[in-house]
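Listing of input-v9.txt, compact mmCIF, C-alpha atoms and all ligand atoms
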```txt
# COMPACT_ATOMS: atom_id res chain seq x y z
CA MET N 8 -111.85 68.88 239.56
CA LYS N 9 -110.33 67.95 242.93
CA TYR N 10 -108.03 70.47 244.58
CA LEU N 11 -105.15 68.80 246.39
CA TYR N 12 -102.93 69.84 249.26
CA ILE N 13 -99.98 67.43 249.48
CA VAL N 14 -97.87 67.53 252.62
CA GLY N 15 -94.67 65.49 252.53
CA ALA N 16 -94.78 66.07 248.76
CA LEU N 17 -91.15 65.11 248.11
CA GLY N 18 -91.29 61.70 249.80
CA SER N 19 -92.20 58.27 248.52
CA ILE N 20 -95.98 58.74 248.81
CA GLY N 21 -95.81 62.45 247.95
CA THR N 22 -93.99 62.00 244.65
CA GLN N 23 -96.23 59.07 243.64
CA THR N 24 -99.26 61.27 244.33
CA LEU N 25 -97.72 63.92 242.08
CA ASP N 26 -97.25 61.26 239.35
CA ILE N 27 -101.00 60.67 239.44
CA VAL N 28 -101.73 64.41 239.18
CA ARG N 29 -99.22 64.70 236.32
CA ASN N 30 -101.09 62.04 234.36
CA ASN N 31 -104.59 63.34 235.18
CA LYS N 32 -104.44 67.12 234.95
CA ASP N 33 -108.09 67.48 234.03
CA GLU N 34 -109.06 65.74 237.26
CA PHE N 35 -106.61 66.99 239.89
CA LYS N 36 -104.96 70.32 240.61
CA VAL N 37 -102.32 70.86 243.29
CA VAL N 38 -103.23 73.94 245.35
CA GLY N 39 -100.84 73.42 248.22
CA MET N 40 -97.54 71.62 248.67
CA ALA N 41 -95.47 71.17 251.82
CA VAL N 42 -91.94 70.19 250.91
CA GLY N 43 -89.07 68.64 252.87
CA SER N 44 -85.43 69.60 252.88
CA ASN N 45 -84.41 68.48 249.36
CA LEU N 46 -84.52 71.96 247.81
CA ALA N 47 -83.43 70.91 244.32
CA LEU N 48 -86.35 68.48 244.07
CA ALA N 49 -88.65 71.01 245.76
CA LYS N 50 -87.85 73.64 243.13
CA GLU N 51 -88.36 71.22 240.27
CA LEU N 52 -91.75 69.99 241.53
CA ILE N 53 -93.05 73.38 242.69
CA GLU N 54 -92.20 74.84 239.26
CA GLU N 55 -93.93 71.93 237.57
CA PHE N 56 -97.17 71.99 239.59
CA LYS N 57 -97.22 75.72 240.48
CA PRO N 58 -99.25 75.43 243.72
CA GLU N 59 -100.83 78.62 245.11
CA VAL N 60 -99.44 77.86 248.57
CA VAL N 61 -96.08 76.37 249.50
CA CYS N 62 -94.79 75.39 252.93
CA TYR N 63 -91.04 74.90 253.26
CA ARG N 64 -89.58 72.79 256.03
CA ASN N 65 -86.60 75.14 256.41
CA ASN N 66 -85.27 77.28 253.58
CA LYS N 67 -87.16 78.52 250.56
CA CYS N 68 -86.41 78.03 246.85
CA ASP N 69 -86.00 80.78 244.26
CA LEU N 70 -89.02 80.45 242.03
CA SER N 71 -90.18 81.94 238.74
CA TYR N 72 -93.54 82.93 240.33
CA SER N 73 -94.75 84.09 243.75
CA PRO N 74 -96.90 81.60 245.67
CA ILE N 75 -98.03 82.25 249.23
CA GLU N 76 -95.13 80.92 251.31
CA TYR N 77 -95.16 79.41 254.78
CA PHE N 78 -92.43 77.78 256.87
CA GLY N 79 -91.95 74.99 259.40
CA ASP N 80 -94.49 73.33 261.66
CA GLU N 81 -96.57 76.49 261.99
CA GLY N 82 -96.57 76.83 258.22
CA LEU N 83 -97.94 73.29 257.88
CA LEU N 84 -100.94 74.33 259.96
CA LYS N 85 -101.46 77.49 257.89
CA LEU N 86 -101.33 75.43 254.73
CA ALA N 87 -103.77 72.91 256.20
CA SER N 88 -106.14 75.78 257.07
CA TYR N 89 -105.96 77.49 253.67
CA HIS N 90 -109.33 77.15 252.02
CA LYS N 91 -110.49 78.30 248.64
CA TYR N 92 -112.32 75.59 246.70
CA ASP N 93 -115.32 73.33 247.29
CA ASN N 94 -113.68 70.05 246.52
CA GLU N 95 -110.46 70.07 248.55
CA VAL N 96 -108.46 66.95 249.49
CA PHE N 97 -105.61 66.94 251.97
CA VAL N 98 -103.05 64.22 251.18
CA ASN N 99 -101.08 63.61 254.34
CA ALA N 100 -97.73 61.99 253.45
CA LEU N 101 -95.75 63.34 256.40
CA VAL N 102 -93.89 60.94 258.68
CA GLY N 103 -94.64 60.37 262.35
CA ILE N 104 -96.63 62.45 264.78
CA SER N 105 -95.76 65.58 262.79
CA GLY N 106 -98.76 64.57 260.66
CA LEU N 107 -101.28 64.81 263.50
CA LEU N 108 -102.00 68.53 263.88
CA PRO N 109 -101.98 69.25 260.13
CA THR N 110 -104.70 66.58 259.77
CA VAL N 111 -106.73 68.20 262.54
CA TYR N 112 -106.46 71.64 260.92
CA ALA N 113 -107.29 70.26 257.48
CA ILE N 114 -110.44 68.58 258.83
CA LYS N 115 -111.46 71.80 260.52
CA SER N 116 -111.12 73.65 257.23
CA LYS N 117 -113.46 71.11 255.62
CA LYS N 118 -110.96 69.19 253.52
CA ASP N 119 -111.45 65.52 252.79
CA ILE N 120 -108.48 63.52 254.06
CA ALA N 121 -106.45 61.00 252.05
CA LEU N 122 -104.27 59.53 254.75
CA ALA N 123 -100.89 57.89 254.33
CA ASN N 124 -99.62 59.16 257.69
CA LYS N 125 -100.88 56.22 259.77
CA GLU N 126 -99.30 57.62 262.94
CA THR N 127 -102.14 60.18 263.05
CA LEU N 128 -104.70 57.40 263.58
CA VAL N 129 -102.43 55.41 265.89
CA VAL N 130 -101.99 58.23 268.39
CA ALA N 131 -105.39 59.90 268.11
CA GLY N 132 -107.81 57.58 266.32
CA ASP N 133 -110.83 58.38 268.48
CA LEU N 134 -110.26 62.13 268.30
CA ILE N 135 -109.74 62.15 264.54
CA LYS N 136 -112.85 60.07 263.96
CA ALA N 137 -114.90 62.42 266.10
CA LEU N 138 -113.60 65.42 264.14
CA VAL N 139 -114.28 63.74 260.79
CA LYS N 140 -117.88 63.24 261.91
CA GLU N 141 -118.27 66.73 263.34
CA TYR N 142 -116.94 68.47 260.21
CA ASN N 143 -118.59 66.02 257.82
CA VAL N 144 -115.48 65.25 255.77
CA SER N 145 -114.23 61.90 254.48
CA LEU N 146 -111.18 59.99 255.69
CA THR N 147 -109.79 57.59 253.10
CA PRO N 148 -106.73 55.41 253.64
CA ILE N 149 -103.74 55.34 251.29
CA ASP N 150 -102.02 52.48 253.10
CA SER N 151 -102.25 49.48 250.73
CA GLU N 152 -103.71 47.06 253.30
CA HIS N 153 -106.48 49.46 254.26
CA SER N 154 -107.15 50.33 250.66
CA ALA N 155 -107.55 46.59 250.07
CA ILE N 156 -109.99 46.25 252.97
CA LEU N 157 -111.94 49.28 251.77
CA GLN N 158 -112.29 47.59 248.38
CA CYS N 159 -113.27 44.25 249.95
CA ILE N 160 -116.05 45.79 252.09
CA HIS N 161 -117.47 47.97 249.35
CA GLY N 162 -121.16 47.13 248.99
CA GLU N 163 -121.08 44.67 251.89
CA ASN N 164 -122.86 44.71 255.23
CA LYS N 165 -120.33 45.46 257.96
CA SER N 166 -122.21 43.38 260.54
CA GLU N 167 -121.48 40.28 258.43
CA ILE N 168 -117.71 40.64 258.70
CA LYS N 169 -116.12 37.78 260.63
CA ARG N 170 -112.58 39.18 260.54
CA LEU N 171 -110.13 41.38 258.71
CA ILE N 172 -106.93 39.64 257.60
CA ILE N 173 -104.07 42.09 257.16
CA THR N 174 -101.16 40.75 255.13
CA ALA N 175 -97.51 41.42 255.94
CA SER N 176 -94.51 40.94 253.67
CA GLY N 177 -92.24 40.21 256.63
CA GLY N 178 -89.89 43.13 255.99
CA SER N 179 -86.17 43.13 255.30
CA PHE N 180 -85.29 40.36 257.77
CA ARG N 181 -88.09 37.92 257.07
CA ASN N 182 -85.61 35.16 256.22
CA LYS N 183 -83.62 35.63 259.41
CA LYS N 184 -84.18 33.89 262.73
CA ARG N 185 -84.51 36.00 265.86
CA GLU N 186 -81.03 35.11 267.09
CA GLU N 187 -79.60 36.45 263.82
CA LEU N 188 -81.11 39.91 264.39
CA GLU N 189 -78.83 41.13 267.18
CA ASN N 190 -76.15 42.56 264.90
CA VAL N 191 -78.01 43.37 261.68
CA THR N 192 -77.08 46.71 260.11
CA LYS N 193 -79.02 49.80 259.16
CA ALA N 194 -78.12 49.27 255.49
CA ASP N 195 -79.62 45.76 255.57
CA ALA N 196 -82.72 46.95 257.42
CA LEU N 197 -83.34 49.59 254.75
CA LYS N 198 -83.52 47.01 251.95
CA HIS N 199 -87.21 46.14 251.80
CA PRO N 200 -87.79 43.10 249.57
CA ASN N 201 -91.02 44.28 247.91
CA TRP N 202 -91.60 48.02 248.37
CA SER N 203 -89.53 51.16 247.95
CA MET N 204 -90.57 53.45 250.81
CA GLY N 205 -89.24 56.14 253.14
CA SER N 206 -86.67 55.06 255.72
CA LYS N 207 -88.91 55.19 258.81
CA ILE N 208 -91.62 52.91 257.46
CA THR N 209 -88.98 50.56 256.05
CA ILE N 210 -87.57 50.09 259.56
CA ASP N 211 -91.11 49.81 260.97
CA SER N 212 -91.70 47.00 258.46
CA ALA N 213 -88.54 45.18 259.52
CA THR N 214 -89.57 45.30 263.20
CA MET N 215 -93.23 44.62 262.28
CA MET N 216 -94.23 47.72 264.25
CA ASN N 217 -95.73 48.82 260.96
CA LYS N 218 -98.15 45.88 261.02
CA GLY N 219 -99.02 46.68 264.64
CA PHE N 220 -99.78 50.26 263.58
CA GLU N 221 -101.87 48.95 260.70
CA VAL N 222 -103.97 46.83 263.06
CA ILE N 223 -104.72 49.98 265.08
CA GLU N 224 -105.33 51.95 261.88
CA ALA N 225 -107.79 49.29 260.66
CA HIS N 226 -109.63 49.28 263.99
CA TYR N 227 -110.29 53.00 263.69
CA LEU N 228 -110.91 53.21 259.97
CA PHE N 229 -113.41 50.38 259.80
CA ASP N 230 -114.85 50.32 263.35
CA ILE N 231 -113.87 46.69 263.82
CA PRO N 232 -112.97 45.35 267.28
CA TYR N 233 -109.37 44.18 267.73
CA GLU N 234 -110.47 40.56 268.31
CA LYS N 235 -111.65 40.53 264.71
CA ILE N 236 -108.39 41.81 263.21
CA ASP N 237 -105.83 39.15 262.26
CA THR N 238 -102.50 39.37 260.49
CA ILE N 239 -100.80 36.86 258.20
CA LEU N 240 -97.39 36.60 256.58
CA HIS N 241 -97.56 36.81 252.81
CA PRO N 242 -94.07 37.27 251.35
CA GLU N 243 -95.17 38.15 247.80
CA SER N 244 -97.15 41.33 248.71
CA ILE N 245 -99.68 40.56 245.98
CA VAL N 246 -102.71 40.00 248.22
CA HIS N 247 -102.90 43.38 249.92
CA SER N 248 -105.38 42.22 252.60
CA MET N 249 -108.59 40.23 252.96
CA VAL N 250 -111.98 40.24 254.64
CA GLU N 251 -113.66 37.07 255.80
CA TYR N 252 -117.46 37.07 256.10
CA ASN N 253 -119.69 35.03 258.41
CA ASP N 254 -120.44 32.45 255.72
CA GLY N 255 -116.74 31.63 255.31
CA SER N 256 -116.35 33.58 252.07
CA ILE N 257 -113.08 35.51 251.91
CA LYS N 258 -112.68 38.55 249.68
CA ALA N 259 -109.13 39.57 248.80
CA GLN N 260 -107.80 42.53 246.89
CA ILE N 261 -104.80 41.64 244.79
CA GLY N 262 -102.58 43.66 242.50
CA ALA N 263 -99.03 44.73 241.78
CA SER N 264 -96.91 46.06 244.68
CA ASP N 265 -97.33 49.61 243.46
CA MET N 266 -98.49 52.41 245.77
CA HIS N 267 -99.90 54.39 242.83
CA ILE N 268 -102.87 51.98 242.93
CA PRO N 269 -104.00 52.66 246.53
CA ILE N 270 -103.15 56.37 246.25
CA GLN N 271 -105.37 56.83 243.22
CA TYR N 272 -108.13 54.76 244.81
CA ALA N 273 -108.04 57.12 247.80
CA LEU N 274 -108.25 60.11 245.47
CA ARG N 275 -111.08 58.67 243.37
CA TYR N 276 -112.89 56.48 245.89
CA PRO N 277 -114.90 54.43 245.06
CA SER N 278 -114.00 54.66 241.38
CA HIS N 279 -111.42 52.38 239.76
CA ASN N 280 -111.30 54.46 236.63
CA ASN N 281 -107.74 55.04 235.55
CA LEU N 282 -106.39 54.90 232.06
CA ASP N 283 -102.80 54.15 233.12
CA GLY N 284 -103.65 51.23 235.45
CA LYS N 285 -101.00 48.55 235.65
CA SER N 286 -102.03 44.94 235.04
CA LEU N 287 -100.74 42.13 237.20
CA ASN N 288 -99.60 39.08 235.28
CA LEU N 289 -101.33 36.20 237.08
CA ILE N 290 -99.66 33.43 235.09
CA GLY N 291 -97.17 31.54 237.21
CA LEU N 292 -97.94 33.52 240.38
CA ASN N 293 -97.15 31.60 243.50
CA LEU N 294 -98.87 32.97 246.61
CA ASN N 295 -97.83 31.85 250.09
CA PHE N 296 -99.36 32.49 253.50
CA MET N 297 -97.74 31.72 256.85
CA GLU N 298 -98.43 32.42 260.48
CA LEU N 299 -97.07 35.77 261.66
CA SER N 300 -95.43 34.88 264.94
CA THR N 301 -95.39 37.46 267.72
CA LEU N 302 -92.44 35.57 269.24
CA ARG N 303 -90.48 36.40 266.12
CA TYR N 304 -92.02 39.87 265.85
CA PRO N 305 -92.88 41.12 269.37
CA CYS N 306 -93.72 44.65 268.17
CA LEU N 307 -96.93 43.27 266.71
CA LYS N 308 -97.86 41.95 270.15
CA TYR N 309 -97.05 45.34 271.68
CA ALA N 310 -99.64 46.98 269.45
CA TYR N 311 -102.34 44.60 270.74
CA MET N 312 -101.13 45.20 274.32
CA VAL N 313 -101.46 48.93 273.84
CA ALA N 314 -104.88 48.50 272.26
CA LYS N 315 -105.97 46.83 275.53
CA LYS N 316 -104.54 49.66 277.63
CA GLY N 317 -105.95 52.30 275.28
CA GLY N 318 -105.93 56.06 275.86
CA ILE N 319 -102.59 57.80 276.05
CA TYR N 320 -100.68 54.50 275.59
CA TYR N 321 -101.23 54.73 271.85
CA ALA N 322 -99.13 57.90 271.88
CA VAL N 323 -96.55 56.28 274.19
CA LEU N 324 -96.17 53.37 271.74
CA ASN N 325 -95.76 55.68 268.77
CA ALA N 326 -93.36 58.07 270.49
CA ALA N 327 -91.14 55.26 271.80
CA ASN N 328 -91.03 53.79 268.30
CA GLU N 329 -90.38 57.14 266.66
CA ALA N 330 -87.45 57.84 268.98
CA ALA N 331 -86.06 54.31 268.68
CA VAL N 332 -86.19 54.29 264.87
CA TYR N 333 -84.54 57.71 264.79
CA LEU N 334 -81.78 56.43 267.12
CA PHE N 335 -81.30 53.29 265.04
CA LEU N 336 -81.09 55.31 261.83
CA ASN N 337 -78.47 57.48 263.52
CA ASP N 338 -76.38 54.48 264.62
CA LYS N 339 -77.03 55.06 268.34
CA ILE N 340 -78.74 51.76 269.12
CA LYS N 341 -78.93 48.25 267.69
CA PHE N 342 -81.87 46.83 265.80
CA LEU N 343 -83.29 44.78 268.68
CA ASP N 344 -82.98 47.78 271.00
CA ILE N 345 -85.92 49.26 269.11
CA GLU N 346 -88.33 46.69 270.51
CA ARG N 347 -86.69 46.77 273.96
CA ILE N 348 -87.17 50.54 274.16
CA ILE N 349 -90.79 50.28 273.03
CA TYR N 350 -91.56 47.55 275.56
CA SER N 351 -90.00 49.49 278.40
CA GLU N 352 -92.10 52.60 277.64
CA ILE N 353 -95.44 50.86 277.13
CA SER N 354 -94.93 48.92 280.39
CA ASN N 355 -94.41 52.12 282.35
CA ASP N 356 -97.49 52.70 284.54
CA GLU N 357 -96.58 56.35 285.14
CA TYR N 358 -98.38 57.36 281.96
CA LYS N 359 -101.67 55.87 283.19
CA SER N 360 -102.87 59.06 284.82
CA ILE N 361 -102.50 61.18 281.67
CA SER N 362 -105.83 61.74 280.01
CA TYR N 363 -106.36 61.21 276.31
CA ASN N 364 -106.67 64.54 274.55
CA LEU N 365 -104.86 66.29 271.74
CA GLU N 366 -102.74 68.51 273.95
CA ASN N 367 -101.54 65.61 276.13
CA ILE N 368 -100.88 63.39 273.12
CA ILE N 369 -98.56 65.98 271.62
CA ASP N 370 -96.98 66.89 274.95
CA ILE N 371 -96.20 63.35 276.11
CA SER N 372 -94.96 62.35 272.66
CA LYS N 373 -92.48 65.20 272.65
CA LYS N 374 -91.35 64.41 276.22
CA ILE N 375 -90.81 60.71 275.46
CA ILE N 376 -88.95 61.40 272.21
CA ASP N 377 -86.72 64.04 273.83
CA LYS N 378 -86.04 61.81 276.84
CA LEU N 379 -85.05 58.79 274.77
CA VAL N 380 -82.97 60.75 272.29
CA VAL N 381 -81.01 62.37 275.13
CA ARG N 382 -80.67 59.04 276.99
CA TYR N 383 -79.13 57.28 274.01
CA GLY N 384 -77.02 60.22 272.87
CA GLY N 385 -78.89 60.95 269.68
CA LYS N 386 -78.54 64.73 269.83
P1 LIG W 401 -90.68 59.64 253.14
O1 LIG W 401 -89.65 59.68 254.20
O2 LIG W 401 -90.34 59.06 251.81
O3 LIG W 401 -91.22 61.11 252.85
C1 LIG W 401 -91.66 61.99 253.81
C2 LIG W 401 -91.54 63.40 253.31
O4 LIG W 401 -92.16 64.26 254.26
C3 LIG W 401 -90.08 63.86 253.16
O5 LIG W 401 -89.98 64.65 252.01
C4 LIG W 401 -89.87 64.67 254.44
O6 LIG W 401 -88.92 65.70 254.28
C5 LIG W 401 -91.23 65.26 254.65
N1 LIG W 401 -91.48 65.59 256.05
C6 LIG W 401 -91.50 64.71 257.08
N2 LIG W 401 -91.79 65.35 258.22
C7 LIG W 401 -91.93 66.65 257.91
C8 LIG W 401 -92.22 67.82 258.66
N3 LIG W 401 -92.39 67.77 259.97
N4 LIG W 401 -92.31 69.00 258.00
C9 LIG W 401 -92.13 69.04 256.66
N5 LIG W 401 -91.84 67.98 255.90
C10 LIG W 401 -91.75 66.81 256.52
O7 LIG W 401 -91.96 58.90 253.77
P2 LIG W 401 -93.04 57.99 253.05
O8 LIG W 401 -93.60 58.71 251.88
O9 LIG W 401 -92.52 56.63 252.88
O10 LIG W 401 -94.16 57.87 254.19
C11 LIG W 401 -95.08 58.91 254.48
C12 LIG W 401 -96.17 58.35 255.39
O11 LIG W 401 -96.89 57.39 254.65
C13 LIG W 401 -95.65 57.62 256.64
O12 LIG W 401 -96.53 57.82 257.70
C14 LIG W 401 -95.68 56.15 256.22
O13 LIG W 401 -95.84 55.29 257.33
C15 LIG W 401 -96.92 56.14 255.32
N6 LIG W 401 -96.93 55.08 254.31
C16 LIG W 401 -95.96 55.02 253.37
C17 LIG W 401 -95.96 54.03 252.40
C18 LIG W 401 -94.93 54.00 251.31
O14 LIG W 401 -95.03 53.17 250.40
N7 LIG W 401 -93.93 54.86 251.32
C19 LIG W 401 -97.00 52.99 252.39
C20 LIG W 401 -98.00 53.19 253.40
C21 LIG W 401 -97.95 54.18 254.32
P3 LIG W 401 -87.36 65.54 254.67
O15 LIG W 401 -86.72 65.03 253.43
O16 LIG W 401 -86.94 66.91 255.05
O17 LIG W 401 -87.30 64.56 255.81
MG MG W 402 -99.10 49.21 254.60
```
Write out the structure in this file as structure tokens.
Amino acid sequence: MKYLYIVGALGSIGTQTLDIVRNNKDEFKVVGMAVGSNLALAKELIEEFKPEVVCYRNNKCDLSYSPIEYFGDEGLLKLASYHKYDNEVFVNALVGISGLLPTVYAIKSKKDIALANKETLVVAGDLIKALVKEYNVSLTPIDSEHSAILQCIHGENKSEIKRLIITASGGSFRNKKREELENVTKADALKHPNWSMGSKITIDSATMMNKGFEVIEAHYLFDIPYEKIDTILHPESIVHSMVEYNDGSIKAQIGASDMHIPIQYALRYPSHNNLDGKSLNLIGLNLNFMELSTLRYPCLKYAYMVAKKGGIYYAVLNAANEAAVYLFLNDKIKFLDIERIIYSEISNDEYKSISYNLENIIDISKKIIDKLVVRYGGK
């Protein structure tokens, strides 16, 4: 039995993780749940899974039983620190930098980490990896591209990897030219062609910041230098990523565009055993691959620029993006302003002197987000 703590339990990844638990009750038990602001859904799912510990974002639900209850950001850390069983897994499905400290606390309480919250690795990859080593826990990706790479390198010798090839669907505006992007709307940006996801990552996919984050995520997860991480446009989202080896052989992981598959792989790694697995119909499949242009998608280039700068600039990149996406979703800025804001922040040399540690990462992120939100009238 694996004992799960699911934070962000009501979101896209959270509810799909709960689907897997629902179908495999002899294998997984939910011990802790951190829920967002949809109280009707929170009540329904808490009553169904009856976790011992619940963390509410704001207000609590009336329940038929009495779990331990925590609240807010502090509550997330208490939930992450709760420890009772040998085989505990912390599923981080929060959005943004709010996922960082809960991951740190979960590692320190000896939980294995199943990570959807990529922002944690973007802002603090080196620190998280050091903690994972120190506390001897595992860190397994939920992100579909990284799940694909994990599957492609299983049983292989890492020194024989020539490059990782991360696929990108192209997001909501993949059929638009750059000059057509100036006046696109929030509603259009939120219509992802292949995946149904939370609003922040859907915007990140449209700007391609998501792919930039995934390059950084891959660098940390697999210890591969940035020069060996490529991206490619693949509109069908069937090939979830690939690994090329020194002899020219390329391994790809392919499957339906269904996040249940990478989530359950993260929970059962390295087992593929699942009785409800969906089969992909290969007949008539047409797979296309195109160059992913950083002229069309500058946010991808910004990720590589930040990777060169390193240190605190990872947090600067994430914070600028977090603020800009929030402002766009609140109708305060236009779509292309997102990349302009990010570029302006990552080009600012003032951040150079800030050293890379957990406290500074959190502090500078908050300062940048607050500054940008005030500047553009978001609050
Ligand atoms: P959603 O927006 O669908 O869900 C996030 C959930 O977390 C919401 O219920 C939200 O509550 C809650 N939440 C967010 N921040 C906090 C907080 N500070 N305290 C308490 N609750 C919080 O997001 P996704 O599931 O799409 O994404 C989760 C993470 O997974 C992201 O980092 C994303 O990049 C990554 N990811 C997602 C994929 C997907 O297919 N969805 C694929 C790969 C990665 P509220 O309703 O109150 O906002
Ligand atoms: Mg992904």
Using all atoms listed in the file, collect all residues at a distance of at most 12 Å from (-118.2, 71.5, 244.7) as written in the file, then present them as a PyMOL selection string. chain N and resi 8-10+91-96+117-118
Taking only residues of range 87-139 of chain N that have an atom at most 10 Å from an atom of range 197-219 of chain N, what is each one's shortest atom pair and its distance in Å to one decimal, using all atoms listed in the file, in chain and number order, as a tab-separated table?
```
residue	atom	partner	partner_atom	distance
N:Val102	CA	N:Lys207	CA	7.6
N:Gly103	CA	N:Lys207	CA	8.5
N:Lys125	CA	N:Asn217	CA	9.1
N:Glu126	CA	N:Asn217	CA	9.7
N:Val129	CA	N:Gly219	CA	9.5
```
Store the residues of this selection in a file with C-alpha atoms, as a tab-separated table (two decimals), keeping the file's coordinate frame.
```tsv
chain	number	residue	atom	x	y	z
N	102	VAL	CA	-93.89	60.94	258.68
N	103	GLY	CA	-94.64	60.37	262.35
N	125	LYS	CA	-100.88	56.22	259.77
N	126	GLU	CA	-99.30	57.62	262.94
N	129	VAL	CA	-102.43	55.41	265.89
```
Can you tell me which residues sit at most 12 Å away from ligand MG 402 (chain W), counting all atoms listed in the file, written as a VMD selection string? chain N and resid 20 122 to 126 148 to 156 173 to 178 201 to 204 208 to 209 211 to 212 215 to 225 238 244 246 to 248 264 to 266 269 to 270
Expressed in Å to a single decimal, how great is the separation between CA of Ile319 in chain N and CA of Tyr363 in chain N? 5.1 Å
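Comparing the minimum interatomic distances between ligand LIG 401 (chain W) and each of N:Ala100, N:Val28, N:Ala47, N:Ala273, counting all atoms listed in the file, we find that N:Ala100 sits nearest.
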Calculate how many Å separate CA of His279 in chain N from CA of Val42 in chain N, rounding to one decimal. 28.7 Å
Give the answer as one residue: which of N:Val37, N:Lys32, N:Ile75, N:Leu86 has the shortest atom-to-atom distance to ligand LIG 401 (chain W), using all atoms listed in the file? N:Leu86
Can you pull out the residues contacting Ala49 in chain N? Cut-off 10 Å, using all atoms listed in the file, and skip same-chain residues under 4 positions away; I want them as a ChimeraX atom specification. /N:16-17,40-45,53-55,61,63,67-68
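A straight line drawn from CA of Arg185 in chain N to CA of Leu307 in chain N is 14.4 Å long.
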